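Visitor: Encoded as structure tokens, here's the structure I'll be asking about.
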Amino acid sequence: DSGVTQTPKHLITATGQRVTLRCSPRSGDLSVYWYQQSLDQGLQFLIQYYNGEERAKGNILERFSAQQFPDLHSELNLSSLELGDSALYFCASAFTAGGTEAFFGQGTRLTVV
Amino acid sequence: ILNVEQSPQSLHVQEGDSTNFTCSFPSSNFYALHWYRWETAKSPEALFVMTLNGDEKKKGRISATLNTKEGYSYLYIKGSQPEDSATYLCAFKNSGYALNFGKGTSLLVTP
């Protein structure tokens with residue numbers, strides 16, 4: 001158990017809908033990363049927050065947004081969902097912004113039908 | 001988006017063989033290089049984080065080296081065991097703080 005909690009574990013929703021994925025980092029970790037893993041693709045970096053502020057942004061679609069709250073948990077919001085958004089979404093937490101290992105949650109499997 | 005290349009894409013070795021993989025990354029604005037082990041149906045697990053040129057890290061039979069000037073890192077597994085079968089990912093972090101992963105090397109160790 002990495003100490004990073006992601007909910008829900010599985011999500012099935014229809015095209016056009018909006019969902020929210022939640023990540024609780026390990027106790028004491030200030031940094032949260034979000035990644036998308038689609039079929040046959042590697043881990044695609046979406047966005048990183050550090051202590052409540054956006055720190056780095058990857059290829060995150062405009063339909064997607066994220067935030068990190070004062071208690072350091074983070075949410076990834078996906079809207080106007082398309083079939084191609086079906087993927088495994090991971091969050092990872094780390095104590096610092098980059099020089100320490102990141103601990104991954106179990107992921108949320110999103111299926112858009 | 002920074003290009004992180006890993007080779008080979010996959011590797012099949014016999015139990016007891018030693019093996020190594022390569023991770024190539026941009027050599028400018030280096031901040032850190034991470035290695036992770038990812039077993040099927042689990043989440044990636046950190047092996048090493050290296051930040052200094054010439055760093056060498058070791059954990060049991062697994063070790064890694066780092067050359068930031070030429071932009072590569074090697075991961076070595078000595079005396080591979082079936083339980084080492086997994087995908088090995090490297091991730092590069094530059095001063096912009098994005099942690100970008102390569103596509104990984106898939107290792108299969110057969111008895």
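Quick note on naming: the chains in the structure tokens go A, B, ... in the order shown, residues restart at 1 in each chain, and ligands are numbered from 1 in order of appearance.
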Residues of chain A that approach chain B to 8 Å or less, counting only C-alpha atoms: could you list each one with the shortest pair of atoms and its distance in Å to one decimal, rows by chain and increasing residue number, as a tab-separated table?

Guide:
```
residue	atom	partner	partner_atom	distance
A:Gln41	CA	B:Lys103	CA	7.1
A:Gly42	CA	B:Lys103	CA	4.6
A:Leu43	CA	B:Phe101	CA	6.1
A:Gln44	CA	B:Phe101	CA	7.2
A:Phe45	CA	B:Asn100	CA	6.1
A:Ile47	CA	B:Ala98	CA	7.7
A:Gln48	CA	B:Ala98	CA	7.0
A:Arg55	CA	B:Tyr97	CA	7.0
A:Ala56	CA	B:Ala98	CA	5.3
A:Lys57	CA	B:Ala98	CA	6.9
A:Gly58	CA	B:Ile1	CA	6.6
A:Asn59	CA	B:Ile1	CA	7.6
A:Ala97	CA	B:Tyr97	CA	6.5
A:Gly98	CA	B:Tyr97	CA	6.0
A:Gly99	CA	B:Ala32	CA	5.8
A:Thr100	CA	B:Val49	CA	6.4
A:Glu101	CA	B:Val49	CA	6.0
A:Ala102	CA	B:Ala46	CA	6.8
A:Phe103	CA	B:Glu45	CA	6.8
A:Phe104	CA	B:Ser43	CA	6.0
A:Gly105	CA	B:Ser43	CA	6.4
A:Gln106	CA	B:Ser43	CA	5.4
A:Gly107	CA	B:Ser43	CA	7.3
```

Visitor: I want to know what sits within 8 Å of Arg26 of chain A, based on only C-alpha atoms, with residues of the same chain fewer than 3 positions away left out; could you give that as a PyMOL selection string?

Guide: chain A and resi 2-5+29+93-94+103

Visitor: Write out as a PyMOL selection string each polymer residue whose atoms come within 8 Å of His12 of chain B, counting only C-alpha atoms; drop sequence neighbours fewer than 3 positions from it.

Guide: chain B and resi 107-110

Visitor: Could you check how far atom CA of Thr87 of chain B sits from atom CA of Leu30 of chain A, in Å to one decimal?

Guide: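 Separating atom CA of Thr87 of chain B from atom CA of Leu30 of chain A is a distance of 27.2 Å.
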
Visitor: Could you pull the residues within 7 Å of Ser74 of chain A, counting only C-alpha atoms, minus those fewer than 6 positions along the same chain, as an NGL selection string?

Guide: :A and (22-24 or 67-68)

Visitor: Write a file of the selected residues as a PDB file, in the first residue's frame, keeping N, CA and C atoms.

Guide:
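Wrote selection_30.pdb, looks like this:
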```
ATOM      1  N   ARG A  22     -10.839  11.601  -7.581  1.00  0.00           N
ATOM      2  CA  ARG A  22     -10.274  12.160  -6.360  1.00  0.00           C
ATOM      3  C   ARG A  22      -8.986  11.449  -5.963  1.00  0.00           C
ATOM      4  N   CYS A  23      -8.058  12.210  -5.422  1.00  0.00           N
ATOM      5  CA  CYS A  23      -6.786  11.652  -4.985  1.00  0.00           C
ATOM      6  C   CYS A  23      -6.421  12.219  -3.619  1.00  0.00           C
ATOM      7  N   SER A  24      -6.170  11.325  -2.667  1.00  0.00           N
ATOM      8  CA  SER A  24      -5.649  11.749  -1.377  1.00  0.00           C
ATOM      9  C   SER A  24      -4.188  11.357  -1.305  1.00  0.00           C
ATOM     10  N   GLN A  67      -7.500  20.588  -9.453  1.00  0.00           N
ATOM     11  CA  GLN A  67      -7.138  21.509  -8.391  1.00  0.00           C
ATOM     12  C   GLN A  67      -6.653  20.721  -7.182  1.00  0.00           C
ATOM     13  N   GLN A  68      -5.913  21.418  -6.338  1.00  0.00           N
ATOM     14  CA  GLN A  68      -5.458  20.818  -5.092  1.00  0.00           C
ATOM     15  C   GLN A  68      -5.993  21.704  -3.967  1.00  0.00           C
TER      16      GLN A  68
END
```

Visitor: Please list as number ranges by chain every residue within 8 Å of segment 59-64 of chain B, counting only C-alpha atoms and excluding residues in the same chain fewer than 5 positions away.

Guide: B: 47-48, 73-79

Visitor: Please produce an output containing N, CA, C and O atoms for each residue in the selection, written as a JSON list (two decimals), in the first residue's frame.

Guide:
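Ended up saving to again_29.json:
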```json
[["chain", "number", "residue", "atom", "x", "y", "z"],
["B", 47, "LEU", "N", 11.83, 2.83, -7.63],
["B", 47, "LEU", "CA", 13.08, 2.12, -7.35],
["B", 47, "LEU", "C", 14.16, 3.11, -6.90],
["B", 47, "LEU", "O", 14.76, 2.95, -5.85],
["B", 48, "PHE", "N", 14.42, 4.10, -7.75],
["B", 48, "PHE", "CA", 15.49, 5.05, -7.47],
["B", 48, "PHE", "C", 15.09, 6.45, -7.93],
["B", 48, "PHE", "O", 14.37, 6.61, -8.88],
["B", 73, "SER", "N", 20.71, 7.05, -18.58],
["B", 73, "SER", "CA", 20.78, 6.29, -17.34],
["B", 73, "SER", "C", 20.64, 4.82, -17.69],
["B", 73, "SER", "O", 19.90, 4.45, -18.60],
["B", 74, "TYR", "N", 21.36, 3.98, -16.97],
["B", 74, "TYR", "CA", 21.26, 2.54, -17.16],
["B", 74, "TYR", "C", 20.67, 1.91, -15.90],
["B", 74, "TYR", "O", 21.00, 2.31, -14.78],
["B", 75, "LEU", "N", 19.82, 0.92, -16.10],
["B", 75, "LEU", "CA", 19.32, 0.10, -15.00],
["B", 75, "LEU", "C", 19.84, -1.31, -15.22],
["B", 75, "LEU", "O", 19.70, -1.85, -16.32],
["B", 76, "TYR", "N", 20.47, -1.88, -14.20],
["B", 76, "TYR", "CA", 21.04, -3.23, -14.29],
["B", 76, "TYR", "C", 20.31, -4.16, -13.33],
["B", 76, "TYR", "O", 20.01, -3.77, -12.20],
["B", 77, "ILE", "N", 20.05, -5.37, -13.78],
["B", 77, "ILE", "CA", 19.54, -6.40, -12.89],
["B", 77, "ILE", "C", 20.50, -7.57, -12.96],
["B", 77, "ILE", "O", 20.74, -8.14, -14.04],
["B", 78, "LYS", "N", 21.04, -7.93, -11.81],
["B", 78, "LYS", "CA", 22.03, -9.01, -11.75],
["B", 78, "LYS", "C", 21.32, -10.31, -11.38],
["B", 78, "LYS", "O", 20.52, -10.33, -10.43],
["B", 79, "GLY", "N", 21.56, -11.38, -12.12],
["B", 79, "GLY", "CA", 20.95, -12.66, -11.79],
["B", 79, "GLY", "C", 19.43, -12.59, -11.75],
["B", 79, "GLY", "O", 18.80, -12.82, -10.73]]
```

Visitor: Just the strand (DSSP E or B) stuff from chain A, please, per backbone DSSP, written as a VMD selection string.

Guide: chain A and resid 5 to 7 10 to 13 19 to 24 31 to 37 44 to 50 53 to 57 64 to 68 74 to 78 87 to 94 103 to 104 108 to 112

Visitor: Just to confirm, what's the straight-line distance from atom CA of Thr40 of chain B to atom CA of Ala86 of chain B in Å (one decimal)?

Guide: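 According to the coordinates, atom CA of Thr40 of chain B and atom CA of Ala86 of chain B are separated by 7.0 Å.
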
Visitor: In Å, how far is it from atom CA of Leu46 of chain A to atom CA of Ser31 of chain A?

Guide: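 Interatomic distance here is 13.6 Å.
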
Visitor: Which residues are near Ile12 of chain A? Cut-off 9 Å, only C-alpha atoms, ignore same chain within fewer than 2 positions. Put them as a list of chain:residue names.

Guide: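 Counting only C-alpha atoms, the residues come to A:His10, A:Ala14, A:Arg109, A:Leu110, A:Thr111, A:Val112, A:Val113.
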
Visitor: Show me, as a PyMOL selection string, the residues that have an atom within 8 Å of Leu21 of chain A when counting only C-alpha atoms, minus same-chain residues fewer than 2 positions from it.

Guide: chain A and resi 6-8+19+23+75-77+108
